[in-house]
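Colleague: The structure follows.
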Amino acid sequence: MGNFVDLKSADGFVFPAYVAKPGATAKGAVVVLQEVFGVNAHIRSVADGYAADGYLAVAPATFHRVKPGVELGYSAEDMNQGRALKAEVEALPAPGVLQDVQSAIQYAAQAGKVAVLGYCWGGLLTWRSACLLDGVAAAVPYYGGGITSEVEVARHPKCPVMAHFGDQDHWIPLDGVEAFKKAHPDVETYIYAANHGFNCDHRGSFEPSSAALARQRTLVFLARHIG
C-alpha cells in the first residue's frame, strides 16, 4: 500500500500524487497516469502492482487543477462526469496538466530512470509526455483516447514507446490505429481482441488474457529501457 504526497509544479501549483514504493531498492520508476476517473482504487492498485515488481510508482492527480479529490467509479454518470473534467483540463492554457506530469517525473527520478504509463486519457497524456517532456526513458500508452488524431500522430516521441490497443474499441477505431502504426513504425504497437479499458478489472470491458499479455510485454519493455 502506498500513500499520497504533495508535489509542486513549475508554476507553483501543488497537487497530490499516490506513491507506492517497492520492498527493496527500486529498479527504476514509473509514473502512472489516470483514466478519466481520478486516482481511484484501480489506478492505486496498478501503482501498487508496479511497486511489487520493483519500481517506484507515482500516480499524479491530473484532475486537481480543475477539481480536487476526484475518485469516480465506472457508471454512466461517472463516465459523463469524468469526460467533463477531462474537457476542462484539456482546455487549460498550455502547458496545462503536462507541467504536473513533469513534476511527477522529476520526483520519480529519485529511483533512477523513469517510464510513463497511462490508460485511456492517461494514455494520451503518456504519448504527449513521450513527445514533449524531459526525463522520460520509455512510455507505454494503453488505449489512449485521441492518440490517433491528426495532431497527435504528427508528434514525434523522444523515447521508446510501446502502445496497446483493443480491436473492439469504439473510441479508437482500427483505421486510426493502423494510421498511427504507419506513421510511427518504431513504436511497438500491439492490438488485442478486446474493448476499451481492457486492462481495468473494475470495468465490464476487462479482458483478463489481454490485460495479462499486455502487462507481460510492458514489464519486458520496462526491464529493457529503465532496468
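Simple scheme: letters A, B, ... for chains in C-alpha cells order, numbers from 1 for residues in each chain, numbers from 1 for ligands in the order shown.
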What are the nearest atom pairs, with distances in Å to one decimal, for all residues of range 22-72 of chain A that come at most 12 Å from range 108-124 of chain A, using only C-alpha atoms, set out by chain and rising residue number as a tab-separated table?
Modeller:
residue	atom	partner	partner_atom	distance
A:Pro22	CA	A:Ala111	CA	10.3
A:Ala24	CA	A:Ala111	CA	11.3
A:Thr25	CA	A:Ala111	CA	8.2
A:Ala26	CA	A:Ala111	CA	5.8
A:Lys27	CA	A:Ala111	CA	7.1
A:Gly28	CA	A:Gly112	CA	4.7
A:Ala29	CA	A:Val114	CA	4.7
A:Val30	CA	A:Ala115	CA	4.7
A:Val31	CA	A:Val116	CA	4.7
A:Val32	CA	A:Leu117	CA	5.0
A:Leu33	CA	A:Gly118	CA	4.3
A:Gln34	CA	A:Gly122	CA	5.0
A:Glu35	CA	A:Cys120	CA	5.1
A:Val36	CA	A:Trp121	CA	6.1
A:Phe37	CA	A:Trp121	CA	9.5
A:Gly38	CA	A:Gly122	CA	10.0
A:Val39	CA	A:Gly122	CA	10.8
A:His42	CA	A:Tyr119	CA	10.9
A:Ile43	CA	A:Tyr119	CA	9.1
A:Val46	CA	A:Leu117	CA	10.1
A:Ala47	CA	A:Leu117	CA	10.0
A:Tyr50	CA	A:Leu117	CA	10.5
A:Ala51	CA	A:Ala111	CA	11.5
A:Gly54	CA	A:Ala111	CA	10.4
A:Tyr55	CA	A:Ala111	CA	7.9
A:Leu56	CA	A:Ala111	CA	6.5
A:Ala57	CA	A:Ala108	CA	7.4
A:Val58	CA	A:Ala108	CA	6.6
A:Ala59	CA	A:Gly118	CA	9.5
A:Pro60	CA	A:Gly122	CA	10.4
A:Ala61	CA	A:Gly122	CA	10.7
A:Thr62	CA	A:Gly122	CA	8.8
A:Phe63	CA	A:Gly122	CA	11.0
Colleague: Take the residues from that selection and put them in a file with N, CA and C atoms, as a tab-separated table (two decimals), in the first residue's frame.
Modeller:
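The file below, again-v8.tsv, is the result:
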chain	number	residue	atom	x	y	z
A	22	PRO	N	8.66	0.09	-3.73
A	22	PRO	CA	9.00	-1.34	-3.73
A	22	PRO	C	9.56	-1.76	-2.38
A	24	ALA	N	12.29	-3.44	-1.88
A	24	ALA	CA	13.75	-3.35	-1.88
A	24	ALA	C	14.15	-2.13	-2.71
A	25	THR	N	15.43	-2.00	-2.99
A	25	THR	CA	15.91	-0.89	-3.81
A	25	THR	C	15.22	-0.90	-5.16
A	26	ALA	N	14.70	0.24	-5.57
A	26	ALA	CA	13.94	0.33	-6.82
A	26	ALA	C	14.83	0.08	-8.03
A	27	LYS	N	14.25	-0.61	-9.03
A	27	LYS	CA	14.94	-0.84	-10.30
A	27	LYS	C	14.85	0.39	-11.20
A	28	GLY	N	13.96	1.28	-10.88
A	28	GLY	CA	13.64	2.46	-11.68
A	28	GLY	C	12.29	2.95	-11.21
A	29	ALA	N	11.65	3.77	-12.01
A	29	ALA	CA	10.37	4.35	-11.59
A	29	ALA	C	9.39	4.38	-12.74
A	30	VAL	N	8.11	4.35	-12.38
A	30	VAL	CA	7.04	4.52	-13.36
A	30	VAL	C	6.08	5.60	-12.86
A	31	VAL	N	5.72	6.49	-13.76
A	31	VAL	CA	4.66	7.45	-13.49
A	31	VAL	C	3.39	6.90	-14.13
A	32	VAL	N	2.37	6.66	-13.33
A	32	VAL	CA	1.12	6.04	-13.77
A	32	VAL	C	0.07	7.13	-13.94
A	33	LEU	N	-0.42	7.31	-15.16
A	33	LEU	CA	-1.36	8.38	-15.45
A	33	LEU	C	-2.79	7.84	-15.53
A	34	GLN	N	-3.65	8.46	-14.77
A	34	GLN	CA	-5.02	8.03	-14.55
A	34	GLN	C	-5.90	8.06	-15.80
A	35	GLU	N	-6.99	7.30	-15.72
A	35	GLU	CA	-8.08	7.42	-16.69
A	35	GLU	C	-8.88	8.69	-16.34
A	36	VAL	N	-10.09	8.80	-16.85
A	36	VAL	CA	-10.91	9.98	-16.54
A	36	VAL	C	-11.68	9.78	-15.23
A	37	PHE	N	-11.22	8.85	-14.41
A	37	PHE	CA	-11.94	8.53	-13.17
A	37	PHE	C	-11.15	8.90	-11.92
A	38	GLY	N	-10.05	9.62	-12.11
A	38	GLY	CA	-9.25	10.04	-10.98
A	38	GLY	C	-8.25	8.99	-10.55
A	39	VAL	N	-7.51	9.30	-9.50
A	39	VAL	CA	-6.58	8.32	-8.92
A	39	VAL	C	-7.41	7.44	-7.98
A	42	HIS	N	-8.61	1.56	-8.69
A	42	HIS	CA	-7.95	0.81	-9.77
A	42	HIS	C	-6.56	1.37	-10.05
A	43	ILE	N	-6.45	2.68	-10.21
A	43	ILE	CA	-5.15	3.28	-10.51
A	43	ILE	C	-4.18	3.06	-9.36
A	46	VAL	N	-2.91	-0.42	-9.70
A	46	VAL	CA	-1.92	-0.51	-10.77
A	46	VAL	C	-0.56	-0.04	-10.25
A	47	ALA	N	-0.55	1.09	-9.55
A	47	ALA	CA	0.70	1.59	-8.98
A	47	ALA	C	1.27	0.58	-7.98
A	50	TYR	N	3.03	-2.27	-9.83
A	50	TYR	CA	4.37	-1.97	-10.35
A	50	TYR	C	5.37	-1.83	-9.22
A	51	ALA	N	4.93	-1.36	-8.06
A	51	ALA	CA	5.83	-1.33	-6.90
A	51	ALA	C	6.21	-2.75	-6.49
A	54	GLY	N	9.03	-4.03	-8.32
A	54	GLY	CA	10.33	-3.45	-8.07
A	54	GLY	C	10.53	-2.01	-8.49
A	55	TYR	N	9.45	-1.34	-8.88
A	55	TYR	CA	9.54	0.04	-9.33
A	55	TYR	C	8.90	1.01	-8.34
A	56	LEU	N	9.50	2.19	-8.20
A	56	LEU	CA	8.82	3.28	-7.52
A	56	LEU	C	7.70	3.74	-8.43
A	57	ALA	N	6.47	3.75	-7.96
A	57	ALA	CA	5.32	4.12	-8.79
A	57	ALA	C	4.69	5.40	-8.26
A	58	VAL	N	4.47	6.36	-9.15
A	58	VAL	CA	3.93	7.67	-8.79
A	58	VAL	C	2.73	7.95	-9.69
A	59	ALA	N	1.57	8.17	-9.08
A	59	ALA	CA	0.34	8.42	-9.84
A	59	ALA	C	-0.20	9.80	-9.50
A	60	PRO	N	0.12	10.82	-10.31
A	60	PRO	CA	-0.32	12.19	-10.02
A	60	PRO	C	-1.81	12.37	-10.28
A	61	ALA	N	-2.42	13.23	-9.49
A	61	ALA	CA	-3.85	13.54	-9.65
A	61	ALA	C	-3.98	14.61	-10.74
A	62	THR	N	-4.21	14.18	-11.96
A	62	THR	CA	-4.19	15.11	-13.08
A	62	THR	C	-5.49	15.88	-13.27
A	63	PHE	N	-6.47	15.65	-12.41
A	63	PHE	CA	-7.69	16.48	-12.41
A	63	PHE	C	-7.59	17.63	-11.39
Colleague: Show me, as a PDB file with C-alpha atoms, in the first residue's frame, the residues that have an atom within 9 Å of Phe221 in chain A when counting only C-alpha atoms, minus same-chain residues fewer than 6 positions from it.
Modeller:
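Done, and the output landed in selection-v7.pdb:
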ATOM      1  CA  ALA A 138      10.212   4.943 -22.001  1.00  0.00           C
ATOM      2  CA  VAL A 140       3.540   2.878 -22.552  1.00  0.00           C
ATOM      3  CA  VAL A 161       7.216   3.738 -26.901  1.00  0.00           C
ATOM      4  CA  MET A 162       5.039   0.630 -26.614  1.00  0.00           C
TER       5      MET A 162
END
Colleague: At a cut-off of 12 Å, using only C-alpha atoms, what residues contact Asn195 in chain A? Leave out same-chain residues fewer than 3 positions from it and give the result as a list in words.
Modeller: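 My reading of the contact set: Cys120, Tyr142, Tyr143, His164, Phe165, Gly166, Asp167, Gln168, Asp169, His170, Trp171, Ile172, Pro173, Leu174, Ile191, Tyr192, Phe198, Asn199, Cys200, Arg203, Gly204, Ser205, Phe206, Glu207, Pro208, Ser210 and Ala211 of chain A.
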Colleague: How many Å lie between CA of Ala41 in chain A and CA of Leu72 in chain A, rounded to one decimal?
Modeller: 9.0 Å
Colleague: Which parts of range 12-227 of chain A does DSSP call strand (DSSP E) when run on the backbone here, written out as a compact mmCIF listing (two decimals) with N, CA and C atoms, in the first residue's frame?
Modeller:
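Everything below was put into result-v6.txt:
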# COMPACT_ATOMS: atom_id res chain seq x y z
N VAL A 14 0.40 23.15 -6.35
CA VAL A 14 0.62 21.97 -5.52
C VAL A 14 -0.53 20.98 -5.75
N PHE A 15 -0.17 19.72 -5.95
CA PHE A 15 -1.17 18.69 -6.23
C PHE A 15 -0.73 17.38 -5.60
N PRO A 16 -1.68 16.48 -5.32
CA PRO A 16 -1.31 15.20 -4.71
C PRO A 16 -0.93 14.15 -5.74
N ALA A 17 -0.11 13.22 -5.31
CA ALA A 17 0.25 12.06 -6.13
C ALA A 17 0.31 10.85 -5.20
N TYR A 18 -0.23 9.75 -5.68
CA TYR A 18 -0.16 8.49 -4.94
C TYR A 18 1.20 7.86 -5.22
N VAL A 19 1.91 7.48 -4.17
CA VAL A 19 3.25 6.92 -4.31
C VAL A 19 3.29 5.54 -3.67
N ALA A 20 3.69 4.55 -4.45
CA ALA A 20 3.87 3.19 -3.95
C ALA A 20 5.34 2.81 -4.11
N GLY A 28 13.96 1.28 -10.88
CA GLY A 28 13.64 2.46 -11.68
C GLY A 28 12.29 2.95 -11.21
N ALA A 29 11.65 3.77 -12.01
CA ALA A 29 10.37 4.35 -11.59
C ALA A 29 9.39 4.38 -12.74
N VAL A 30 8.11 4.35 -12.38
CA VAL A 30 7.04 4.52 -13.36
C VAL A 30 6.08 5.60 -12.86
N VAL A 31 5.72 6.49 -13.76
CA VAL A 31 4.66 7.45 -13.49
C VAL A 31 3.39 6.90 -14.13
N VAL A 32 2.37 6.66 -13.33
CA VAL A 32 1.12 6.04 -13.77
C VAL A 32 0.07 7.13 -13.94
N LEU A 33 -0.42 7.31 -15.16
CA LEU A 33 -1.36 8.38 -15.45
C LEU A 33 -2.79 7.84 -15.53
N TYR A 55 9.45 -1.34 -8.88
CA TYR A 55 9.54 0.04 -9.33
C TYR A 55 8.90 1.01 -8.34
N LEU A 56 9.50 2.19 -8.20
CA LEU A 56 8.82 3.28 -7.52
C LEU A 56 7.70 3.74 -8.43
N ALA A 57 6.47 3.75 -7.96
CA ALA A 57 5.32 4.12 -8.79
C ALA A 57 4.69 5.40 -8.26
N VAL A 58 4.47 6.36 -9.15
CA VAL A 58 3.93 7.67 -8.79
C VAL A 58 2.73 7.95 -9.69
N ALA A 59 1.57 8.17 -9.08
CA ALA A 59 0.34 8.42 -9.84
C ALA A 59 -0.20 9.80 -9.50
N PRO A 60 0.12 10.82 -10.31
CA PRO A 60 -0.32 12.19 -10.02
C PRO A 60 -1.81 12.37 -10.28
N VAL A 114 13.02 6.80 -15.57
CA VAL A 114 11.56 6.90 -15.39
C VAL A 114 10.83 6.54 -16.67
N ALA A 115 9.84 5.69 -16.54
CA ALA A 115 8.90 5.41 -17.62
C ALA A 115 7.56 6.01 -17.26
N VAL A 116 6.80 6.39 -18.28
CA VAL A 116 5.43 6.88 -18.07
C VAL A 116 4.47 5.86 -18.67
N LEU A 117 3.46 5.49 -17.90
CA LEU A 117 2.42 4.58 -18.36
C LEU A 117 1.07 5.23 -18.11
N GLY A 118 0.14 5.08 -19.03
CA GLY A 118 -1.16 5.70 -18.82
C GLY A 118 -2.27 4.96 -19.54
N TYR A 119 -3.47 5.16 -19.06
CA TYR A 119 -4.64 4.42 -19.51
C TYR A 119 -5.74 5.39 -19.92
N ALA A 138 11.09 5.85 -21.26
CA ALA A 138 10.21 4.94 -22.00
C ALA A 138 8.77 5.34 -21.70
N ALA A 139 7.86 4.97 -22.61
CA ALA A 139 6.45 5.32 -22.43
C ALA A 139 5.56 4.20 -22.93
N VAL A 140 4.47 3.96 -22.19
CA VAL A 140 3.54 2.88 -22.55
C VAL A 140 2.10 3.39 -22.44
N PRO A 141 1.53 3.91 -23.54
CA PRO A 141 0.12 4.29 -23.53
C PRO A 141 -0.79 3.10 -23.81
N TYR A 142 -1.79 2.94 -22.96
CA TYR A 142 -2.85 1.96 -23.17
C TYR A 142 -4.07 2.67 -23.71
N MET A 162 5.84 1.82 -26.36
CA MET A 162 5.04 0.63 -26.61
C MET A 162 3.58 1.01 -26.42
N ALA A 163 2.74 0.75 -27.42
CA ALA A 163 1.33 1.15 -27.37
C ALA A 163 0.42 -0.07 -27.44
N HIS A 164 -0.62 -0.08 -26.59
CA HIS A 164 -1.58 -1.17 -26.54
C HIS A 164 -2.97 -0.66 -26.95
N PHE A 165 -3.61 -1.38 -27.85
CA PHE A 165 -4.96 -1.03 -28.32
C PHE A 165 -5.85 -2.27 -28.34
N GLY A 166 -7.16 -2.05 -28.31
CA GLY A 166 -8.12 -3.13 -28.46
C GLY A 166 -8.83 -3.04 -29.80
N GLU A 188 6.39 0.15 -30.74
CA GLU A 188 5.94 -1.24 -30.61
C GLU A 188 4.43 -1.22 -30.35
N THR A 189 3.65 -1.47 -31.37
CA THR A 189 2.20 -1.37 -31.26
C THR A 189 1.57 -2.76 -31.26
N TYR A 190 0.72 -2.99 -30.27
CA TYR A 190 0.03 -4.28 -30.15
C TYR A 190 -1.49 -4.05 -30.14
N ILE A 191 -2.18 -4.93 -30.82
CA ILE A 191 -3.64 -4.87 -30.88
C ILE A 191 -4.20 -6.17 -30.31
N TYR A 192 -5.14 -6.05 -29.40
CA TYR A 192 -5.69 -7.19 -28.68
C TYR A 192 -7.17 -7.40 -29.04
Colleague: Give me, please, the distance in Å between CA of Leu132 in chain A and CA of Ala223 in chain A, quoted to one decimal.
Modeller: 22.9 Å
Colleague: Which residue gives the smallest distance to Pro95 in chain A among A:Ala52, A:Ala76, A:Ala194, A:Ala10, with only C-alpha atoms counted?
Modeller: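 Checking each of A:Ala52, A:Ala76, A:Ala194, A:Ala10 against Pro95 in chain A, counting only C-alpha atoms, the winner is A:Ala10.
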Colleague: Kindly give the distance, in Å, that separates CA of His184 in chain A and CA of Glu152 in chain A, rounded to a single decimal.
Modeller: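 Pair CA of His184 in chain A / CA of Glu152 in chain A returns 11.2 Å.
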Colleague: Given the choices A:Ser75, A:Gln216, A:Gln102, A:Asn80, which gets closest to Asp134 in chain A if the distance is worked out from only C-alpha atoms?
Modeller: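 The answer is A:Gln102, which sits nearest to Asp134 in chain A.
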Colleague: Please provide the set of residues having any atom within 10 Å of Glu150 in chain A, restricted to only C-alpha atoms, with same-chain residues fewer than 3 positions apart removed, written as an MDAnalysis selection string.
Modeller: chainID A and resid 146:147 153:155 176 179:180
Colleague: Using N, CA and C atoms, can you export the residues from the last selection as a PDB file, in the first residue's frame?
Modeller:
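Saved to again25.pdb:
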ATOM      1  N   GLY A 146      -7.808   9.706 -28.375  1.00  0.00           N
ATOM      2  CA  GLY A 146      -7.310  10.887 -29.076  1.00  0.00           C
ATOM      3  C   GLY A 146      -5.909  10.732 -29.623  1.00  0.00           C
ATOM      4  N   ILE A 147      -5.238   9.639 -29.276  1.00  0.00           N
ATOM      5  CA  ILE A 147      -3.848   9.460 -29.690  1.00  0.00           C
ATOM      6  C   ILE A 147      -3.716   9.280 -31.202  1.00  0.00           C
ATOM      7  N   VAL A 153      -0.814  12.229 -33.991  1.00  0.00           N
ATOM      8  CA  VAL A 153       0.008  11.391 -34.869  1.00  0.00           C
ATOM      9  C   VAL A 153       1.201  12.179 -35.404  1.00  0.00           C
ATOM     10  N   ALA A 154       1.022  13.498 -35.540  1.00  0.00           N
ATOM     11  CA  ALA A 154       2.102  14.340 -36.072  1.00  0.00           C
ATOM     12  C   ALA A 154       3.237  14.546 -35.076  1.00  0.00           C
ATOM     13  N   ARG A 155       3.034  14.201 -33.818  1.00  0.00           N
ATOM     14  CA  ARG A 155       4.102  14.349 -32.830  1.00  0.00           C
ATOM     15  C   ARG A 155       5.152  13.254 -33.016  1.00  0.00           C
ATOM     16  N   GLY A 176      -7.756   4.202 -37.441  1.00  0.00           N
ATOM     17  CA  GLY A 176      -6.895   5.188 -36.794  1.00  0.00           C
ATOM     18  C   GLY A 176      -5.651   4.548 -36.206  1.00  0.00           C
ATOM     19  N   ALA A 179      -3.275   3.824 -39.017  1.00  0.00           N
ATOM     20  CA  ALA A 179      -2.608   5.052 -39.457  1.00  0.00           C
ATOM     21  C   ALA A 179      -1.500   5.445 -38.477  1.00  0.00           C
ATOM     22  N   PHE A 180      -1.771   5.267 -37.196  1.00  0.00           N
ATOM     23  CA  PHE A 180      -0.764   5.544 -36.167  1.00  0.00           C
ATOM     24  C   PHE A 180       0.442   4.633 -36.356  1.00  0.00           C
TER      25      PHE A 180
END
